[in-house]
$ cat final.cif   # mmCIF, C-alpha atoms and all ligand atoms
data_target
#
loop_
_atom_site.label_atom_id
_atom_site.label_comp_id
_atom_site.auth_asym_id
_atom_site.auth_seq_id
_atom_site.Cartn_x
_atom_site.Cartn_y
_atom_site.Cartn_z
CA MET A 117 70.53 103.64 120.86
CA LYS A 118 71.12 107.04 122.36
CA ILE A 119 74.79 107.86 121.77
CA LEU A 120 76.53 110.79 123.38
CA SER A 121 79.57 111.66 121.24
CA ILE A 122 82.29 113.93 122.55
CA VAL A 123 84.58 116.07 120.42
CA GLY A 124 86.76 119.03 121.31
CA ALA A 125 89.84 119.35 119.11
CA ARG A 126 90.47 119.70 115.37
CA PRO A 127 91.23 116.07 114.48
CA GLN A 128 88.13 114.96 116.41
CA PHE A 129 85.86 117.11 114.25
CA ILE A 130 87.34 115.44 111.16
CA LYS A 131 86.89 111.95 112.66
CA ALA A 132 83.36 112.77 113.78
CA ALA A 133 82.24 113.85 110.29
CA PRO A 134 81.84 110.33 108.82
CA VAL A 135 80.96 108.72 112.15
CA SER A 136 78.22 111.18 113.02
CA ARG A 137 76.73 110.73 109.57
CA ALA A 138 76.68 106.93 109.95
CA LEU A 139 75.36 107.04 113.53
CA ARG A 140 72.43 109.25 112.61
CA GLN A 141 71.17 106.74 110.08
CA ARG A 142 70.16 104.35 112.86
CA HIS A 143 70.80 105.92 116.27
CA GLU A 144 70.01 109.08 118.16
CA GLU A 145 73.20 111.12 118.57
CA ILE A 146 73.81 113.83 121.13
CA LEU A 147 76.92 115.69 119.99
CA VAL A 148 78.95 117.47 122.68
CA HIS A 149 81.78 119.92 121.91
CA THR A 150 83.95 120.47 124.96
CA GLY A 151 85.27 123.78 123.63
CA GLN A 152 88.91 122.66 123.90
CA HIS A 153 89.45 124.21 120.46
CA TYR A 154 87.44 127.37 119.93
CA ASP A 155 89.12 129.53 117.25
CA GLN A 156 87.06 129.77 114.09
CA GLU A 157 89.80 128.14 111.98
CA LEU A 158 90.33 125.29 114.45
CA SER A 159 86.68 124.51 115.05
CA ALA A 160 83.73 126.17 113.29
CA VAL A 161 85.22 125.88 109.77
CA PHE A 162 85.23 122.08 110.04
CA PHE A 163 81.58 121.90 111.09
CA ALA A 164 80.58 124.15 108.19
CA GLU A 165 82.79 122.59 105.52
CA MET A 166 82.21 118.95 106.45
CA GLY A 167 78.51 119.26 107.25
CA ILE A 168 78.99 118.08 110.84
CA PRO A 169 75.77 118.62 112.79
CA GLU A 170 75.72 121.60 115.13
CA PRO A 171 76.75 120.36 118.60
CA ASP A 172 73.84 119.94 120.99
CA TYR A 173 76.05 121.30 123.76
CA ASN A 174 79.24 123.35 123.80
CA LEU A 175 80.88 123.20 127.22
CA GLY A 176 83.14 126.18 126.42
CA VAL A 177 86.03 124.96 128.58
CA GLY A 178 88.71 126.76 126.55
CA SER A 179 92.46 126.44 127.11
CA GLY A 180 94.33 125.84 130.33
CA ALA A 181 96.66 123.59 132.29
CA HIS A 182 95.91 119.93 131.58
CA GLY A 183 94.52 119.06 135.00
CA ARG A 184 92.29 122.10 135.21
CA GLN A 185 91.10 121.83 131.62
CA THR A 186 90.31 118.12 131.98
CA ALA A 187 88.59 118.72 135.33
CA ARG A 188 86.30 121.40 133.86
CA MET A 189 85.31 118.99 131.11
CA LEU A 190 84.80 116.11 133.53
CA THR A 191 82.50 118.13 135.77
CA ALA A 192 80.36 119.36 132.90
CA LEU A 193 80.24 115.99 131.15
CA GLU A 194 79.19 114.17 134.29
CA SER A 195 76.16 116.46 134.72
CA LEU A 196 75.29 116.12 131.07
CA MET A 197 75.48 112.32 131.16
CA GLU A 198 73.33 112.20 134.28
CA GLN A 199 70.68 114.26 132.49
CA ALA A 200 70.88 112.62 129.06
CA ARG A 201 71.30 109.03 130.25
CA PRO A 202 72.89 107.79 127.02
CA ASP A 203 73.22 104.11 126.10
CA TRP A 204 76.78 104.76 124.92
CA VAL A 205 79.41 107.43 125.27
CA LEU A 206 81.65 107.68 122.22
CA VAL A 207 85.08 109.33 122.36
CA TYR A 208 87.74 109.86 119.70
CA GLY A 209 91.51 109.73 119.71
CA ASP A 210 93.71 110.90 122.55
CA THR A 211 93.08 114.48 123.61
CA ASN A 212 92.10 115.82 127.01
CA SER A 213 88.49 115.84 125.74
CA THR A 214 88.83 112.09 125.12
CA LEU A 215 90.07 111.39 128.62
CA ALA A 216 87.43 113.56 130.29
CA GLY A 217 84.69 111.77 128.36
CA ALA A 218 86.11 108.37 129.23
CA LEU A 219 86.40 109.13 132.93
CA ALA A 220 82.94 110.66 133.18
CA ALA A 221 81.41 107.61 131.48
CA ALA A 222 83.42 105.11 133.53
CA LYS A 223 82.48 106.76 136.84
CA LEU A 224 78.79 106.66 135.92
CA ASN A 225 79.01 103.11 134.60
CA VAL A 226 77.88 104.20 131.15
CA PRO A 227 79.20 101.96 128.36
CA LEU A 228 82.13 103.63 126.64
CA ALA A 229 83.28 103.25 123.04
CA HIS A 230 86.67 104.50 121.86
CA VAL A 231 87.36 105.35 118.22
CA GLU A 232 91.07 105.01 117.36
CA ALA A 233 91.79 102.60 120.20
CA GLY A 234 95.09 100.82 120.74
CA LEU A 235 97.46 103.47 119.41
CA ARG A 236 100.71 103.70 121.34
CA SER A 237 103.85 105.81 121.12
CA PHE A 238 105.32 104.14 124.23
CA ASN A 239 106.35 107.61 125.37
CA ARG A 240 104.60 108.37 128.63
CA ALA A 241 105.97 111.92 128.65
CA MET A 242 103.54 112.64 125.84
CA PRO A 243 100.18 113.80 127.26
CA GLU A 244 98.28 111.99 124.51
CA GLU A 245 99.84 108.64 125.46
CA VAL A 246 98.45 108.87 128.99
CA ASN A 247 95.06 109.90 127.61
CA ARG A 248 94.84 106.98 125.19
CA VAL A 249 96.07 104.30 127.61
CA LEU A 250 93.59 105.35 130.29
CA THR A 251 90.74 105.66 127.80
CA ASP A 252 91.38 102.20 126.37
CA HIS A 253 91.38 100.71 129.85
CA CYS A 254 87.96 102.29 130.57
CA ALA A 255 86.39 101.32 127.25
CA ASP A 256 83.86 98.55 126.55
CA LEU A 257 84.08 98.79 122.76
CA LEU A 258 87.46 99.55 121.23
CA PHE A 259 87.54 100.42 117.54
CA CYS A 260 91.05 99.86 116.21
CA PRO A 261 92.33 101.41 112.99
CA THR A 262 95.15 98.90 112.41
CA PRO A 263 96.18 95.36 113.37
CA THR A 264 99.10 96.88 115.29
CA ALA A 265 96.61 98.67 117.52
CA VAL A 266 94.82 95.37 118.21
CA ASP A 267 98.18 93.84 119.17
CA HIS A 268 98.97 96.70 121.55
CA LEU A 269 95.68 96.16 123.36
CA ALA A 270 96.27 92.40 123.54
CA ALA A 271 99.68 93.06 125.09
CA GLU A 272 97.89 95.05 127.82
CA GLY A 273 95.37 92.27 128.39
CA ILE A 274 92.51 93.90 126.50
CA SER A 275 90.70 91.67 124.01
CA ASP A 276 87.00 91.86 124.92
CA GLY A 277 85.16 94.41 122.83
CA VAL A 278 88.12 94.99 120.49
CA HIS A 279 87.22 95.40 116.80
CA LEU A 280 89.47 96.10 113.84
CA VAL A 281 87.35 98.47 111.74
CA GLY A 282 89.94 100.57 109.90
CA ASP A 283 90.51 104.29 110.24
CA VAL A 284 87.66 106.80 110.18
CA MET A 285 90.08 109.41 108.80
CA TYR A 286 90.30 107.26 105.68
CA ASP A 287 86.50 107.32 105.46
CA ALA A 288 86.65 111.12 105.73
CA LEU A 289 89.36 111.41 103.09
CA LEU A 290 87.44 109.23 100.63
CA ALA A 291 84.28 111.25 101.14
CA PHE A 292 85.83 114.70 100.86
CA LEU A 293 88.76 114.42 98.44
CA PRO A 294 86.49 114.35 95.35
CA ARG A 295 85.02 117.71 96.45
CA VAL A 296 88.35 119.56 96.48
CA ASP A 297 89.22 122.05 93.76
CA GLU A 298 92.97 121.44 93.85
CA THR A 299 93.91 124.08 91.26
CA ALA A 300 92.02 126.78 93.13
CA VAL A 301 93.74 125.85 96.39
CA LEU A 302 97.24 125.84 94.85
CA THR A 303 96.53 129.22 93.26
CA ARG A 304 95.23 130.66 96.52
CA TYR A 305 98.34 129.54 98.42
CA GLU A 306 100.67 130.48 95.54
CA VAL A 307 102.35 127.07 95.36
CA THR A 308 103.14 124.80 92.42
CA ALA A 309 102.27 121.10 92.49
CA GLY A 310 105.31 118.99 93.43
CA GLN A 311 107.47 122.02 94.17
CA TYR A 312 106.80 122.84 97.79
CA VAL A 313 106.92 121.16 101.18
CA LEU A 314 103.85 121.23 103.42
CA ALA A 315 104.66 121.35 107.13
CA THR A 316 102.67 121.28 110.37
CA ALA A 317 103.90 121.35 113.98
CA HIS A 318 102.05 121.54 117.27
CA ARG A 319 103.33 118.82 119.63
CA ALA A 320 104.09 120.11 123.11
CA ALA A 321 107.50 118.43 122.96
CA ASN A 322 108.40 120.51 119.89
CA THR A 323 106.79 123.84 120.76
CA ASP A 324 107.26 124.37 124.47
CA ASP A 325 111.06 124.42 124.53
CA PRO A 326 112.70 127.26 122.56
CA ALA A 327 115.75 125.12 121.72
CA ARG A 328 113.58 122.40 120.21
CA LEU A 329 111.36 124.85 118.37
CA THR A 330 114.46 126.48 116.90
CA ALA A 331 115.77 123.05 115.91
CA LEU A 332 112.43 122.25 114.28
CA LEU A 333 112.55 125.44 112.20
CA ASP A 334 116.13 124.62 111.24
CA CYS A 335 115.00 121.18 110.05
CA LEU A 336 112.27 122.74 107.90
CA ALA A 337 114.82 125.18 106.49
CA LEU A 338 116.87 122.26 105.12
CA SER A 339 114.31 121.89 102.35
CA ARG A 340 115.40 123.17 98.96
CA TRP A 341 111.74 123.72 98.12
CA PRO A 342 109.68 126.50 99.72
CA VAL A 343 107.94 125.37 102.91
CA LEU A 344 104.30 126.24 103.57
CA LEU A 345 103.53 126.05 107.29
CA PRO A 346 99.88 126.47 108.37
CA LEU A 347 100.51 127.51 111.93
CA HIS A 348 98.72 125.92 114.89
CA PRO A 349 97.93 128.61 117.51
CA ARG A 350 100.05 126.80 120.07
CA THR A 351 103.08 127.12 117.78
CA ALA A 352 102.20 130.71 116.87
CA ALA A 353 102.08 131.58 120.58
CA ALA A 354 105.42 129.87 121.22
CA LEU A 355 107.16 131.66 118.33
CA GLN A 356 105.95 134.95 119.72
CA LYS A 357 106.78 134.14 123.34
CA PHE A 358 110.34 133.03 122.54
CA ASN A 359 110.70 135.76 119.90
CA LEU A 360 112.14 133.28 117.39
CA PRO A 361 113.00 134.36 113.85
CA VAL A 362 111.49 132.26 111.07
CA PRO A 363 114.13 131.21 108.51
CA ASP A 364 113.81 132.32 104.87
CA GLY A 365 111.93 129.86 102.73
CA ILE A 366 109.32 129.07 105.39
CA ARG A 367 105.99 130.77 104.79
CA LEU A 368 103.61 130.94 107.72
CA VAL A 369 99.89 130.92 107.03
CA GLU A 370 96.79 130.58 109.20
CA PRO A 371 95.57 127.02 109.89
CA VAL A 372 93.65 125.81 106.84
CA SER A 373 90.33 124.01 106.70
CA TYR A 374 90.04 120.35 105.75
CA LEU A 375 89.40 120.52 102.00
CA PRO A 376 92.28 122.88 101.20
CA MET A 377 94.45 120.86 103.58
CA LEU A 378 93.84 117.71 101.54
CA ALA A 379 94.76 119.58 98.36
CA LEU A 380 97.92 121.01 99.91
CA GLU A 381 98.94 117.59 101.23
CA LYS A 382 98.22 115.78 97.98
CA ASN A 383 100.24 118.15 95.81
CA ALA A 384 103.22 118.60 98.12
CA ARG A 385 106.63 117.28 97.17
CA CYS A 386 106.95 116.05 100.70
CA ILE A 387 105.25 116.59 104.07
CA MET A 388 107.12 117.43 107.27
CA THR A 389 105.03 117.12 110.39
CA ASP A 390 104.61 116.08 114.00
CA SER A 391 100.87 115.48 113.55
CA GLY A 392 99.39 112.00 113.77
CA GLY A 393 96.57 112.59 111.30
CA VAL A 394 98.84 114.27 108.76
CA GLN A 395 101.24 111.28 108.74
CA LYS A 396 98.34 109.01 107.84
CA GLU A 397 96.98 111.32 105.18
CA ALA A 398 100.44 111.57 103.60
CA TYR A 399 100.45 107.79 103.21
CA LEU A 400 96.89 107.66 101.92
CA LEU A 401 97.65 110.38 99.37
CA GLY A 402 101.00 108.88 98.35
CA VAL A 403 103.17 111.76 99.54
CA PRO A 404 106.49 111.03 101.32
CA CYS A 405 106.41 112.12 104.95
CA ILE A 406 109.13 113.16 107.37
CA THR A 407 108.01 112.91 110.99
CA LEU A 408 109.65 115.43 113.28
CA ARG A 409 109.26 113.27 116.36
CA GLU A 410 111.29 110.51 117.95
CA GLU A 411 108.55 107.93 117.56
CA THR A 412 105.26 107.38 115.75
CA GLU A 413 101.99 105.62 116.55
CA TRP A 414 101.55 104.98 112.83
CA VAL A 415 104.44 102.58 112.46
CA GLU A 416 103.02 100.93 109.34
CA THR A 417 103.60 104.10 107.32
CA ALA A 418 107.31 103.93 108.20
CA VAL A 419 107.61 100.19 107.68
CA HIS A 420 106.15 100.62 104.20
CA GLY A 421 108.73 103.26 103.33
CA TRP A 422 106.49 106.35 103.14
CA ASN A 423 107.37 107.91 106.46
CA VAL A 424 110.83 108.58 107.89
CA ILE A 425 111.00 109.19 111.62
CA THR A 426 113.77 111.74 112.02
CA GLY A 427 113.06 113.57 115.25
CA LEU A 428 114.85 116.92 115.03
CA ASP A 429 118.09 115.37 113.79
CA ARG A 430 119.31 117.58 110.93
CA GLN A 431 121.33 114.80 109.29
CA LYS A 432 118.39 112.42 109.27
CA VAL A 433 116.09 115.14 107.92
CA ALA A 434 118.58 116.05 105.16
CA ALA A 435 118.90 112.37 104.18
CA ALA A 436 115.12 111.92 104.14
CA LEU A 437 114.67 115.04 101.99
CA ALA A 438 117.21 113.68 99.49
CA ALA A 439 115.80 110.13 99.43
CA PRO A 440 114.12 108.84 96.26
CA ARG A 441 110.32 108.47 96.27
CA PRO A 442 109.11 105.06 97.43
CA PRO A 443 107.47 102.86 94.75
CA ALA A 444 103.98 104.20 94.03
CA ALA A 445 102.04 101.04 94.98
CA ARG A 446 100.76 101.14 98.54
CA MET A 447 99.07 98.55 100.75
CA PRO A 448 95.64 99.41 102.17
CA LEU A 449 96.84 99.95 105.74
CA PHE A 450 93.85 101.80 107.12
CA GLY A 451 90.88 99.65 106.21
CA ASP A 452 88.44 99.92 103.34
CA GLY A 453 86.66 103.18 104.07
CA THR A 454 83.75 101.61 105.96
CA ALA A 455 85.00 102.16 109.52
CA ALA A 456 82.20 104.58 110.42
CA VAL A 457 79.44 102.26 109.23
CA GLN A 458 81.01 99.34 111.11
CA ILE A 459 81.20 101.44 114.26
CA SER A 460 77.52 102.32 114.00
CA GLN A 461 76.62 98.64 113.59
CA LEU A 462 78.86 97.49 116.43
CA LEU A 463 77.33 100.04 118.79
CA ALA A 464 73.93 98.55 118.02
CA ASP A 465 75.23 95.01 118.57
CA GLY A 466 77.35 96.02 121.56
CA TRP A 467 74.30 96.73 123.66
CA LYS A 468 73.45 93.04 123.52
CA LEU A 469 76.90 92.23 124.90
CA ASN A 470 76.82 94.84 127.60
CA HIS A 471 73.23 95.14 128.69
CA ARG A 472 73.52 92.73 131.61
CA ARG A 473 76.42 94.60 133.11
CA TYR A 474 74.75 97.97 132.67
CA SER A 475 71.11 97.02 133.04
CA SER A 476 70.73 99.27 136.07
CA PHE A 477 71.71 102.28 133.99
CA ILE A 478 70.26 101.69 130.56
CA ILE A 479 66.64 102.63 130.44
CA HIS A 480 65.76 102.94 126.77
CA PRO A 481 67.51 100.32 124.64
CA SER A 482 66.18 100.53 121.08
C1 LIG B 501 95.45 119.27 121.31
C2 LIG B 501 95.64 117.82 121.76
C3 LIG B 501 96.53 117.09 120.76
C4 LIG B 501 96.02 117.23 119.34
C5 LIG B 501 95.79 118.70 119.01
C6 LIG B 501 95.15 118.80 117.66
C7 LIG B 501 95.67 117.43 124.19
C8 LIG B 501 96.53 117.17 125.36
N1 LIG B 501 96.31 117.78 123.06
O1 LIG B 501 96.72 119.89 121.35
O2 LIG B 501 96.55 115.72 121.10
O3 LIG B 501 96.97 116.69 118.48
O4 LIG B 501 94.93 119.28 119.99
O5 LIG B 501 95.34 120.02 117.06
O6 LIG B 501 94.47 117.33 124.28
N2 LIG B 501 94.74 127.57 121.31
C9 LIG B 501 94.20 128.67 120.69
N3 LIG B 501 92.97 128.52 120.08
C10 LIG B 501 92.27 127.38 120.12
C11 LIG B 501 92.84 126.27 120.76
C12 LIG B 501 94.07 126.38 121.35
O7 LIG B 501 94.78 129.74 120.65
O8 LIG B 501 91.16 127.32 119.54
C13 LIG B 501 96.08 127.71 121.92
C14 LIG B 501 96.03 128.08 123.39
O9 LIG B 501 97.11 128.92 123.64
C15 LIG B 501 96.25 126.76 124.06
C16 LIG B 501 97.17 126.04 123.11
O10 LIG B 501 96.76 126.47 121.81
O11 LIG B 501 96.80 126.88 125.34
C17 LIG B 501 97.11 124.52 123.18
O12 LIG B 501 95.77 124.07 123.00
P1 LIG B 501 95.32 122.65 123.59
O13 LIG B 501 93.97 122.33 123.12
O14 LIG B 501 95.57 122.62 125.05
O15 LIG B 501 96.37 121.65 122.98
P2 LIG B 501 96.82 121.44 121.48
O16 LIG B 501 98.26 121.76 121.39
O17 LIG B 501 95.90 122.15 120.56
N1 LIG B 502 94.52 119.81 109.43
C1 LIG B 502 93.80 120.82 108.80
N2 LIG B 502 94.37 122.06 108.72
C2 LIG B 502 95.59 122.35 109.24
C3 LIG B 502 96.31 121.30 109.88
C4 LIG B 502 95.75 120.04 109.97
O1 LIG B 502 92.70 120.59 108.31
O2 LIG B 502 96.03 123.49 109.15
C5 LIG B 502 93.92 118.47 109.51
C6 LIG B 502 94.74 117.37 108.91
O3 LIG B 502 94.52 117.27 107.51
C7 LIG B 502 94.28 116.15 109.67
C8 LIG B 502 94.00 116.72 111.05
O4 LIG B 502 93.82 118.12 110.88
O5 LIG B 502 93.07 115.66 109.13
C9 LIG B 502 95.14 116.46 111.98
O6 LIG B 502 94.94 117.20 113.15
P1 LIG B 502 96.13 117.74 114.06
O7 LIG B 502 97.41 117.74 113.29
O8 LIG B 502 95.67 119.03 114.62
O9 LIG B 502 96.15 116.68 115.26
P2 LIG B 502 96.72 115.21 115.43
O10 LIG B 502 96.26 114.39 114.28
O11 LIG B 502 98.21 115.31 115.53
O12 LIG B 502 96.14 114.78 116.73
#

$ encode --input "final.cif" --output "structure tokens" --more "lines below"
Ligand code: UD1
Ligand code: UDP
Amino acid sequence: MKILSIVGARPQFIKAAPVSRALRQRHEEILVHTGQHYDQELSAVFFAEMGIPEPDYNLGVGSGAHGRQTARMLTALESLMEQARPDWVLVYGDTNSTLAGALAAAKLNVPLAHVEAGLRSFNRAMPEEVNRVLTDHCADLLFCPTPTAVDHLAAEGISDGVHLVGDVMYDALLAFLPRVDETAVLTRYEVTAGQYVLATAHRAANTDDPARLTALLDCLALSRWPVLLPLHPRTAAALQKFNLPVPDGIRLVEPVSYLPMLALEKNARCIMTDSGGVQKEAYLLGVPCITLREETEWVETAVHGWNVITGLDRQKVAAALAAPRPPAARMPLFGDGTAAVQISQLLADGWKLNHRRYSSFIIHPS
């Protein structure tokens, strides 16, 4: 199969690392970077550190208003797909790069596969929710990380092509955690295992309104342990624009690459975040998580007691910080670490399911 994979933002590089590796063992992959993320520490470091193949194309779309950014991607991806004539287009997650890839494929009648299908926050004000709903409704193969995701799709009438494969971020974590020198990372960031909080924040809902960003910083400042906050450029720009002071006890650092991030997560007393991927990694690494959002797509982590959804409510955050650690034993919520291999296999099998519908487009089935 010729598979055109589309990535553009930090979590997609991490997801693509195990998937790209598995795909290339039996398929031809054309890797396209939309250029949504372009800073060295949000993009290139992940390719270098995780051994992700150099993208065949970088569309260089950069930042911008959602409609314009997505439109630039859509235009470029359509031309690329017309030239490359892939058997499958593969998209990840819920960013604008995901949606552009899904729309370009759907308009050209190219079979579309979605990694991390079926996630829902049920908050349509969140740009990612619109992206993931639309992508799922365009997709022919839907790779779900959890049974909850399968249920969400069923509730929307989607059952054909749905496969529960587990989470590719778990595959990535299993592959890369053994390579981390935890002591060196803790020394470099001047933190002591179990005696600091790791925080991340980048959701539009938390960064774009100065009152909410101030409330978020106030929530972080409730920690009695020092807080290490690798700062997403969106949040850095907002702090500067609104000229907000950063409370004592919160240390801002540049975004970190994946291996040090795993070490910082694993050794934290607690994680405070609005990131989807970081919530999952907290669970997988057995670190209590406080989610600074009103809802989560990763409900299992909360149900199992490892994630408290506090929003920016100071009382809830204070209570979560004071709560005892959950019992150490954890259920395997995110599969068995073979999601990427299953995806590669299902793409090979999927052609058999889809070839009649797409026979006018597919020219080189292998
Ligand atoms: C995007 C995704 C979000 C994902 C996140 C991962 C959408 C709608 N959002 O959010 O789902 O969780 O990536 O990190 O697709 N910027 C830079 N350098 C860069 C990239 C961005 O400075 O390399 C700044 C720009 O000011 C830009 C802002 O960050 O306007 C936001 O970037 P954008 O890619 O639009 O959204 P994210 O907040 O990164
Ligand atoms: N991450 C990282 N360095 C950072 C912040 C996050 O390597 O400074 C990793 C994190 O470990 C996880 C992924 O990026 O694997 C999550 O991406 P992000 O929070 O940007 O997006 P989301 O998951 O919310 O879409």

$ residues_near_ligand --input "final.cif" --ligand "ligand LIG 501 (chain B)" --cutoff "7 Å" --atoms "all atoms listed in the file" --output "ChimeraX atom specification"
/A:125-127,152-155,158-159,179-180,182,210-213,243-244,318-320,349-350,353,391

$ residues_near_ligand --input "final.cif" --ligand "ligand LIG 502 (chain B)" --cutoff "9 Å" --atoms "all atoms listed in the file" --output "MDAnalysis selection string"
chainID A and resid 125:131 157:158 162 209:211 244 285 288:289 315:319 345:348 369:378 381 389:397

$ closest_residue --input "final.cif" --among "A:His149, A:Arg367, A:His420, A:Lys118" --to "A:Ala192" --atoms "all atoms listed in the file"
A:His149

$ residues_around --input "final.cif" --residues "A:Val343" --least-positions-apart "4" --cutoff "7 Å" --atoms "only C-alpha atoms" --output "ChimeraX atom specification"
/A:312-315,365-367

$ residues_around --input "final.cif" --residues "stretch 357-364 of chain A" --least-positions-apart "2" --cutoff "9 Å" --atoms "all atoms listed in the file" --output "tab-separated table (two decimals) with C-alpha atoms, in the coordinates of the input"
chain	number	residue	atom	x	y	z
A	325	ASP	CA	111.06	124.42	124.53
A	326	PRO	CA	112.70	127.26	122.56
A	329	LEU	CA	111.36	124.85	118.37
A	330	THR	CA	114.46	126.48	116.90
A	333	LEU	CA	112.55	125.44	112.20
A	334	ASP	CA	116.13	124.62	111.24
A	336	LEU	CA	112.27	122.74	107.90
A	337	ALA	CA	114.82	125.18	106.49
A	342	PRO	CA	109.68	126.50	99.72
A	352	ALA	CA	102.20	130.71	116.87
A	353	ALA	CA	102.08	131.58	120.58
A	354	ALA	CA	105.42	129.87	121.22
A	355	LEU	CA	107.16	131.66	118.33
A	366	ILE	CA	109.32	129.07	105.39
A	367	ARG	CA	105.99	130.77	104.79
A	368	LEU	CA	103.61	130.94	107.72

$ atom_distance --input "final.cif" --atom1 "atom CA of A:Arg184" --atom2 "atom CA of A:Glu413"
26.7 Å

$ closest_residue --input "final.cif" --among "A:Val415, A:Ala241, A:Ala222, A:Met197" --to "A:Thr262" --atoms "all atoms listed in the file"
A:Val415

$ atom_distance --input "final.cif" --atom1 "atom CA of A:Thr150" --atom2 "atom CA of A:Glu165"
19.6 Å

$ atom_distance --input "final.cif" --atom1 "atom CA of A:Glu232" --atom2 "atom CA of A:Ala265"
8.4 Å

$ closest_residue --input "final.cif" --among "A:Ser275, A:Thr308, A:Thr417, A:Gln199" --to "A:Leu224" --atoms "all atoms listed in the file"
A:Gln199

$ residues_around --input "final.cif" --residues "A:Thr214" --least-positions-apart "2" --cutoff "9 Å" --atoms "only C-alpha atoms" --output "ChimeraX atom specification"
/A:122-124,206-212,216-219,230,247-248,251

$ closest_residue --input "final.cif" --among "A:Leu147, A:Val457, A:Cys260, A:Val226" --to "A:Asn174" --atoms "only C-alpha atoms"
A:Leu147

$ closest_residue --input "final.cif" --among "A:Leu257, A:Ala291, A:Val231, A:Ala164" --to "A:Ala132" --atoms "only C-alpha atoms"
A:Val231

$ closest_residue --input "final.cif" --among "A:Val424, A:Ala233, A:Leu228, A:Leu175" --to "A:Ala255" --atoms "all atoms listed in the file"
A:Leu228

$ residues_around --input "final.cif" --residues "A:Asp256" --least-positions-apart "6" --cutoff "7 Å" --atoms "all atoms listed in the file" --output "ChimeraX atom specification"
/A:227-229,277

$ residues_around --input "final.cif" --residues "A:Glu410" --least-positions-apart "6" --cutoff "10 Å" --atoms "only C-alpha atoms" --output "list in words"
Ser237, Asn239, Asp390, Ile425, Thr426, Gly427, Leu428 and Asp429 of chain A

$ decode --input "final.cif" --residues "stretch 261-283 of chain A" --atoms "C-alpha atoms" --output "compact mmCIF listing (two decimals), in the first residue's frame"
# COMPACT_ATOMS: atom_id res chain seq x y z
CA PRO A 261 -7.62 3.86 21.66
CA THR A 262 -10.29 2.89 24.21
CA PRO A 263 -13.66 1.11 24.39
CA THR A 264 -15.22 4.46 25.33
CA ALA A 265 -14.13 5.83 21.97
CA VAL A 266 -15.79 2.89 20.20
CA ASP A 267 -19.00 3.63 22.13
CA HIS A 268 -18.90 7.31 21.14
CA LEU A 269 -18.69 6.36 17.47
CA ALA A 270 -21.52 3.85 17.83
CA ALA A 271 -23.67 6.58 19.39
CA GLU A 272 -23.07 8.65 16.24
CA GLY A 273 -23.97 5.72 13.99
CA ILE A 274 -20.41 4.81 13.04
CA SER A 275 -19.53 1.12 13.32
CA ASP A 276 -18.11 0.12 9.92
CA GLY A 277 -14.33 0.25 9.88
CA VAL A 278 -14.06 0.82 13.64
CA HIS A 279 -11.21 -1.05 15.37
CA LEU A 280 -10.15 -0.99 19.00
CA VAL A 281 -6.35 -1.12 18.74
CA GLY A 282 -5.20 0.70 21.88
CA ASP A 283 -3.26 3.93 22.05
